[in-house]
$ cat my_file00.tsv   # TSV, C-alpha atoms
chain	number	residue	atom	x	y	z
A	260	MET	CA	-33.19	3.25	-9.21
A	261	ALA	CA	-33.73	6.96	-9.56
A	262	ARG	CA	-34.42	9.06	-6.50
A	263	ASP	CA	-37.73	10.82	-6.15
A	264	GLY	CA	-37.73	13.89	-8.34
A	265	ALA	CA	-34.50	12.91	-10.08
A	266	ASN	CA	-34.26	12.49	-13.80
A	267	PRO	CA	-34.27	8.73	-14.60
A	268	ASN	CA	-31.97	9.39	-17.58
A	269	CYS	CA	-29.23	10.55	-15.19
A	270	VAL	CA	-28.83	6.99	-13.91
A	271	ALA	CA	-28.31	5.69	-17.43
A	272	LEU	CA	-25.85	8.49	-18.23
A	273	THR	CA	-23.92	7.80	-15.05
A	274	LEU	CA	-23.70	4.09	-15.84
A	275	THR	CA	-22.65	4.84	-19.42
A	276	ALA	CA	-20.01	7.32	-18.25
A	277	ALA	CA	-18.64	4.73	-15.83
A	278	LYS	CA	-18.32	2.21	-18.67
A	279	VAL	CA	-16.57	4.78	-20.87
A	280	ALA	CA	-14.25	5.75	-18.02
A	281	GLY	CA	-13.03	2.16	-17.90
A	282	GLU	CA	-14.72	0.77	-14.83
A	283	ASN	CA	-14.81	-2.94	-15.42
A	284	ARG	CA	-17.88	-4.16	-13.57
A	285	ASN	CA	-20.28	-6.94	-14.45
A	286	SER	CA	-24.07	-6.69	-14.50
A	287	LYS	CA	-24.27	-7.14	-10.71
A	288	GLY	CA	-21.91	-4.22	-10.12
A	289	ARG	CA	-19.01	-6.42	-9.01
A	290	VAL	CA	-15.47	-6.36	-10.30
A	291	PRO	CA	-14.66	-9.61	-12.14
A	292	PRO	CA	-12.04	-11.90	-10.55
A	293	GLN	CA	-9.67	-11.46	-13.51
A	294	THR	CA	-9.60	-7.70	-12.96
A	295	ARG	CA	-9.01	-8.17	-9.24
A	296	LEU	CA	-6.13	-10.57	-9.86
A	297	LEU	CA	-4.56	-8.20	-12.38
A	298	SER	CA	-4.89	-5.30	-9.96
A	299	LEU	CA	-3.41	-7.38	-7.12
A	300	ALA	CA	-0.51	-8.51	-9.32
A	301	ARG	CA	0.21	-4.91	-10.32
A	302	TYR	CA	0.04	-3.82	-6.67
A	303	LEU	CA	2.36	-6.59	-5.45
A	304	SER	CA	4.81	-6.13	-8.33
A	305	ARG	CA	5.39	-2.50	-7.34
A	306	THR	CA	6.09	-3.35	-3.73
A	307	LEU	CA	8.32	-6.27	-4.72
A	308	LEU	CA	10.23	-3.98	-7.06
A	309	ALA	CA	10.70	-1.46	-4.24
A	310	ALA	CA	11.99	-4.17	-1.88
A	311	LEU	CA	14.38	-5.55	-4.50
A	312	LEU	CA	15.68	-2.07	-5.36
A	313	LEU	CA	16.33	-1.38	-1.69
A	314	THR	CA	18.24	-4.66	-1.42
A	315	ILE	CA	20.32	-3.78	-4.48
A	316	PHE	CA	21.10	-0.34	-3.02
A	317	ASP	CA	22.20	-2.05	0.20
A	318	LEU	CA	24.48	-4.35	-1.79
A	319	ILE	CA	26.02	-1.42	-3.65
A	320	GLY	CA	26.38	0.61	-0.44
A	321	LEU	CA	28.13	-2.22	1.38
A	322	LEU	CA	30.38	-2.80	-1.60
A	323	LEU	CA	31.36	0.88	-1.78
A	324	LEU	CA	31.81	1.37	1.99
A	325	GLN	CA	33.45	-1.89	2.97
A	326	GLY	CA	34.89	-3.13	-0.30
A	327	LEU	CA	33.20	-6.50	0.16
A	328	ILE	CA	29.75	-7.86	0.81
A	329	ASP	CA	29.45	-9.63	4.13
A	330	GLN	CA	26.32	-11.78	4.10
A	331	SER	CA	25.53	-11.38	7.79
A	332	THR	CA	25.83	-7.58	7.60
A	333	LEU	CA	23.56	-7.48	4.57
A	334	VAL	CA	20.97	-9.69	6.24
A	335	LEU	CA	21.01	-7.60	9.42
A	336	LEU	CA	20.68	-4.39	7.40
A	337	ILE	CA	17.72	-5.79	5.46
A	338	PHE	CA	16.06	-6.97	8.69
A	339	LEU	CA	16.59	-3.50	10.20
A	340	GLU	CA	15.05	-1.78	7.19
A	341	GLY	CA	12.18	-4.27	7.06
A	342	GLY	CA	11.41	-3.87	10.75
A	343	GLY	CA	11.54	-0.09	10.52
A	344	GLY	CA	9.26	-0.17	7.49
A	345	LEU	CA	6.78	-2.40	9.31
A	346	LEU	CA	6.69	0.07	12.21
A	347	VAL	CA	6.15	3.00	9.84
A	348	GLY	CA	3.41	1.15	7.94
A	349	VAL	CA	1.55	0.25	11.10
A	350	GLY	CA	1.94	3.81	12.37
A	351	ILE	CA	0.50	5.22	9.15
A	352	SER	CA	-2.41	2.76	9.23
A	353	LEU	CA	-3.18	3.37	12.89
A	354	SER	CA	-2.99	7.14	12.58
A	355	SER	CA	-5.77	7.05	10.01
A	356	THR	CA	-8.32	5.34	12.26
A	357	PRO	CA	-11.32	7.37	13.41
A	358	THR	CA	-10.29	6.88	17.05
A	359	ALA	CA	-6.82	8.32	16.46
A	360	SER	CA	-8.38	11.16	14.49
A	361	ARG	CA	-10.76	11.91	17.36
A	362	ILE	CA	-7.93	11.80	19.91
A	363	GLY	CA	-5.85	14.14	17.75
A	364	HIS	CA	-8.82	16.47	17.43
A	365	THR	CA	-9.42	16.48	21.19
A	366	VAL	CA	-5.85	16.57	22.49
A	367	LEU	CA	-3.95	18.43	19.78
A	368	GLY	CA	-6.76	20.48	18.28
A	369	THR	CA	-6.22	19.14	14.77
A	370	THR	CA	-9.01	18.78	12.27
A	371	ALA	CA	-10.65	15.40	11.86
A	372	TRP	CA	-9.61	13.25	8.89
A	373	SER	CA	-11.99	12.88	5.99
A	374	ILE	CA	-13.10	9.41	4.93
A	375	ASP	CA	-11.06	9.68	1.72
A	376	ALA	CA	-7.94	10.68	3.66
A	377	GLU	CA	-8.42	7.72	6.02
A	378	LYS	CA	-8.74	5.28	3.11
A	379	TYR	CA	-5.70	6.77	1.36
A	380	ALA	CA	-3.60	6.51	4.53
A	381	GLU	CA	-4.68	2.88	4.96
A	382	ARG	CA	-3.58	2.11	1.38
A	383	VAL	CA	-0.22	3.82	1.88
A	384	GLY	CA	0.29	2.02	5.19
A	385	LEU	CA	-0.53	-1.30	3.54
A	386	LYS	CA	2.06	-0.62	0.82
A	387	TRP	CA	4.68	0.02	3.50
A	388	ILE	CA	3.71	-3.15	5.36
A	389	ILE	CA	3.81	-5.35	2.26
A	390	ALA	CA	7.14	-3.93	1.04
A	391	SER	CA	8.66	-4.34	4.50
A	392	ALA	CA	7.37	-7.88	4.86
A	393	LEU	CA	8.95	-8.66	1.50
A	394	LEU	CA	12.24	-7.19	2.78
A	395	VAL	CA	12.10	-9.45	5.82
A	396	LEU	CA	11.35	-12.40	3.52
A	397	ILE	CA	14.37	-11.47	1.35
A	398	GLY	CA	16.44	-11.32	4.54
A	399	PHE	CA	15.34	-14.82	5.51
A	400	VAL	CA	16.15	-16.13	2.03
A	401	LEU	CA	19.60	-14.53	2.10
A	402	SER	CA	20.32	-15.84	5.60
A	403	VAL	CA	19.61	-19.42	4.52
A	404	ALA	CA	21.57	-19.18	1.25

$ encode --input "my_file00.tsv" --output "structure tokens"
Amino acid sequence: MARDGANPNCVALTLTAAKVAGENRNSKGRVPPQTRLLSLARYLSRTLLAALLLTIFDLIGLLLLQGLIDQSTLVLLIFLEGGGGLLVGVGISLSSTPTASRIGHTVLGTTAWSIDAEKYAERVGLKWIIASALLVLIGFVLSVA
């Protein structure tokens, strides 16, 4: 496992440090399914909470501005916010691609994105997309109710 000329004890120290740091990997280096499901549930709960909070703010805003809550206005407002969020999420995800980075570097003279910045932008874009899709789903549920 060690590279030529590298200290073989460094590999063991690195693996031990990863275990102490809390990385939950099995002997094959894979994350167990339970950890993945917990991470996915935590990820989805945050986006669901954001979508529900936005819906509650819309309800309060309509109540304060109009004095009543019209269901069709609320549904249209939620669809508008969901659609706008989907566009923003896709824009964030697409702007982080290597092709867009190269075009920006060539046309605008900007610096190229690092790999870490691209991955971070993809994660942020995915959060926007999931939260916006949940808003659209809430809009559909409210329109049927």

$ closest_atom_pairs --input "my_file00.tsv" --of "region 327-354 of chain A" --to "region 370-380 of chain A" --cutoff "12 Å" --atoms "all atoms listed in the file" --output "JSON lines"
{"residue": "A:Val347", "atom": "CA", "partner": "A:Ala380", "partner_atom": "CA", "distance": 11.6}
{"residue": "A:Gly348", "atom": "CA", "partner": "A:Ala380", "partner_atom": "CA", "distance": 9.5}
{"residue": "A:Val349", "atom": "CA", "partner": "A:Ala380", "partner_atom": "CA", "distance": 10.4}
{"residue": "A:Gly350", "atom": "CA", "partner": "A:Ala380", "partner_atom": "CA", "distance": 10.0}
{"residue": "A:Ile351", "atom": "CA", "partner": "A:Ala380", "partner_atom": "CA", "distance": 6.3}
{"residue": "A:Ser352", "atom": "CA", "partner": "A:Ala380", "partner_atom": "CA", "distance": 6.1}
{"residue": "A:Leu353", "atom": "CA", "partner": "A:Ala380", "partner_atom": "CA", "distance": 8.9}
{"residue": "A:Ser354", "atom": "CA", "partner": "A:Ala380", "partner_atom": "CA", "distance": 8.1}

$ atom_distance --input "my_file00.tsv" --atom1 "CA of Arg361 (chain A)" --atom2 "CA of Leu345 (chain A)"
24.0 Å

$ atom_distance --input "my_file00.tsv" --atom1 "CA of Thr356 (chain A)" --atom2 "CA of Ala309 (chain A)"
26.1 Å

$ atom_distance --input "my_file00.tsv" --atom1 "CA of Leu296 (chain A)" --atom2 "CA of Leu385 (chain A)"
17.2 Å

$ residues_around --input "my_file00.tsv" --residues "region 310-326 of chain A" --least-positions-apart "2" --cutoff "6 Å" --atoms "only C-alpha atoms" --output "list in words"
Leu307, Leu308, Ile328, Ala390 and Leu394 of chain A

$ closest_residue --input "my_file00.tsv" --among "A:Ala300, A:Val334, A:Ile362, A:Leu327" --to "Ala404 (chain A)" --atoms "all atoms listed in the file"
A:Val334

$ residues_around --input "my_file00.tsv" --residues "region 399-402 of chain A" --least-positions-apart "4" --cutoff "12 Å" --atoms "all atoms listed in the file" --output "number ranges by chain"
A: 314, 318, 329-338, 341, 392-395

$ closest_residue --input "my_file00.tsv" --among "A:Ile388, A:Leu297, A:Leu367, A:Val383" --to "Leu346 (chain A)" --atoms "all atoms listed in the file"
A:Ile388

$ build_atoms --input "my_file00.tsv" --residues "region 352-376 of chain A" --atoms "N, CA and C atoms" --output "PDB file, in the coordinates of the input"
ATOM      1  N   SER A 352      -1.071   3.357   9.221  1.00  0.00           N
ATOM      2  CA  SER A 352      -2.410   2.760   9.230  1.00  0.00           C
ATOM      3  C   SER A 352      -3.177   3.106  10.498  1.00  0.00           C
ATOM      4  N   LEU A 353      -2.493   3.062  11.634  1.00  0.00           N
ATOM      5  CA  LEU A 353      -3.180   3.370  12.890  1.00  0.00           C
ATOM      6  C   LEU A 353      -3.521   4.837  13.030  1.00  0.00           C
ATOM      7  N   SER A 354      -2.699   5.711  12.455  1.00  0.00           N
ATOM      8  CA  SER A 354      -2.990   7.140  12.580  1.00  0.00           C
ATOM      9  C   SER A 354      -4.210   7.541  11.766  1.00  0.00           C
ATOM     10  N   SER A 355      -4.627   6.703  10.849  1.00  0.00           N
ATOM     11  CA  SER A 355      -5.770   7.050  10.010  1.00  0.00           C
ATOM     12  C   SER A 355      -7.097   6.532  10.568  1.00  0.00           C
ATOM     13  N   THR A 356      -7.069   5.862  11.702  1.00  0.00           N
ATOM     14  CA  THR A 356      -8.320   5.340  12.260  1.00  0.00           C
ATOM     15  C   THR A 356      -9.156   6.475  12.834  1.00  0.00           C
ATOM     16  N   PRO A 357     -10.469   6.313  12.852  1.00  0.00           N
ATOM     17  CA  PRO A 357     -11.320   7.370  13.410  1.00  0.00           C
ATOM     18  C   PRO A 357     -11.009   7.668  14.882  1.00  0.00           C
ATOM     19  N   THR A 358     -10.610   6.656  15.643  1.00  0.00           N
ATOM     20  CA  THR A 358     -10.290   6.880  17.050  1.00  0.00           C
ATOM     21  C   THR A 358      -9.075   7.770  17.187  1.00  0.00           C
ATOM     22  N   ALA A 359      -8.017   7.487  16.409  1.00  0.00           N
ATOM     23  CA  ALA A 359      -6.820   8.320  16.460  1.00  0.00           C
ATOM     24  C   ALA A 359      -7.129   9.736  15.976  1.00  0.00           C
ATOM     25  N   SER A 360      -7.983   9.851  14.983  1.00  0.00           N
ATOM     26  CA  SER A 360      -8.380  11.160  14.490  1.00  0.00           C
ATOM     27  C   SER A 360      -9.124  11.940  15.574  1.00  0.00           C
ATOM     28  N   ARG A 361      -9.998  11.256  16.289  1.00  0.00           N
ATOM     29  CA  ARG A 361     -10.760  11.910  17.360  1.00  0.00           C
ATOM     30  C   ARG A 361      -9.840  12.316  18.509  1.00  0.00           C
ATOM     31  N   ILE A 362      -8.875  11.458  18.845  1.00  0.00           N
ATOM     32  CA  ILE A 362      -7.930  11.800  19.910  1.00  0.00           C
ATOM     33  C   ILE A 362      -7.081  12.998  19.495  1.00  0.00           C
ATOM     34  N   GLY A 363      -6.617  13.004  18.243  1.00  0.00           N
ATOM     35  CA  GLY A 363      -5.850  14.140  17.750  1.00  0.00           C
ATOM     36  C   GLY A 363      -6.669  15.420  17.754  1.00  0.00           C
ATOM     37  N   HIS A 364      -7.943  15.305  17.432  1.00  0.00           N
ATOM     38  CA  HIS A 364      -8.820  16.470  17.430  1.00  0.00           C
ATOM     39  C   HIS A 364      -9.015  16.994  18.851  1.00  0.00           C
ATOM     40  N   THR A 365      -9.175  16.074  19.807  1.00  0.00           N
ATOM     41  CA  THR A 365      -9.420  16.480  21.190  1.00  0.00           C
ATOM     42  C   THR A 365      -8.154  16.994  21.867  1.00  0.00           C
ATOM     43  N   VAL A 366      -7.073  16.242  21.757  1.00  0.00           N
ATOM     44  CA  VAL A 366      -5.850  16.570  22.490  1.00  0.00           C
ATOM     45  C   VAL A 366      -5.036  17.659  21.796  1.00  0.00           C
ATOM     46  N   LEU A 367      -4.834  17.517  20.509  1.00  0.00           N
ATOM     47  CA  LEU A 367      -3.950  18.430  19.780  1.00  0.00           C
ATOM     48  C   LEU A 367      -4.679  19.553  19.072  1.00  0.00           C
ATOM     49  N   GLY A 368      -5.985  19.438  18.947  1.00  0.00           N
ATOM     50  CA  GLY A 368      -6.760  20.480  18.280  1.00  0.00           C
ATOM     51  C   GLY A 368      -6.669  20.427  16.768  1.00  0.00           C
ATOM     52  N   THR A 369      -6.294  19.279  16.222  1.00  0.00           N
ATOM     53  CA  THR A 369      -6.220  19.140  14.770  1.00  0.00           C
ATOM     54  C   THR A 369      -7.606  18.887  14.199  1.00  0.00           C
ATOM     55  N   THR A 370      -7.731  19.064  12.901  1.00  0.00           N
ATOM     56  CA  THR A 370      -9.010  18.780  12.270  1.00  0.00           C
ATOM     57  C   THR A 370      -9.157  17.277  12.061  1.00  0.00           C
ATOM     58  N   ALA A 371     -10.386  16.833  12.057  1.00  0.00           N
ATOM     59  CA  ALA A 371     -10.650  15.400  11.860  1.00  0.00           C
ATOM     60  C   ALA A 371     -10.349  15.016  10.417  1.00  0.00           C
ATOM     61  N   TRP A 372      -9.929  13.754  10.222  1.00  0.00           N
ATOM     62  CA  TRP A 372      -9.610  13.250   8.890  1.00  0.00           C
ATOM     63  C   TRP A 372     -10.891  12.999   8.115  1.00  0.00           C
ATOM     64  N   SER A 373     -10.856  13.231   6.830  1.00  0.00           N
ATOM     65  CA  SER A 373     -11.990  12.880   5.990  1.00  0.00           C
ATOM     66  C   SER A 373     -11.941  11.377   5.710  1.00  0.00           C
ATOM     67  N   ILE A 374     -13.037  10.836   5.247  1.00  0.00           N
ATOM     68  CA  ILE A 374     -13.100   9.410   4.930  1.00  0.00           C
ATOM     69  C   ILE A 374     -12.105   9.065   3.825  1.00  0.00           C
ATOM     70  N   ASP A 375     -12.003   9.933   2.816  1.00  0.00           N
ATOM     71  CA  ASP A 375     -11.060   9.680   1.720  1.00  0.00           C
ATOM     72  C   ASP A 375      -9.619   9.694   2.210  1.00  0.00           C
ATOM     73  N   ALA A 376      -9.296  10.611   3.119  1.00  0.00           N
ATOM     74  CA  ALA A 376      -7.940  10.680   3.660  1.00  0.00           C
ATOM     75  C   ALA A 376      -7.629   9.435   4.488  1.00  0.00           C
TER      76      ALA A 376
END
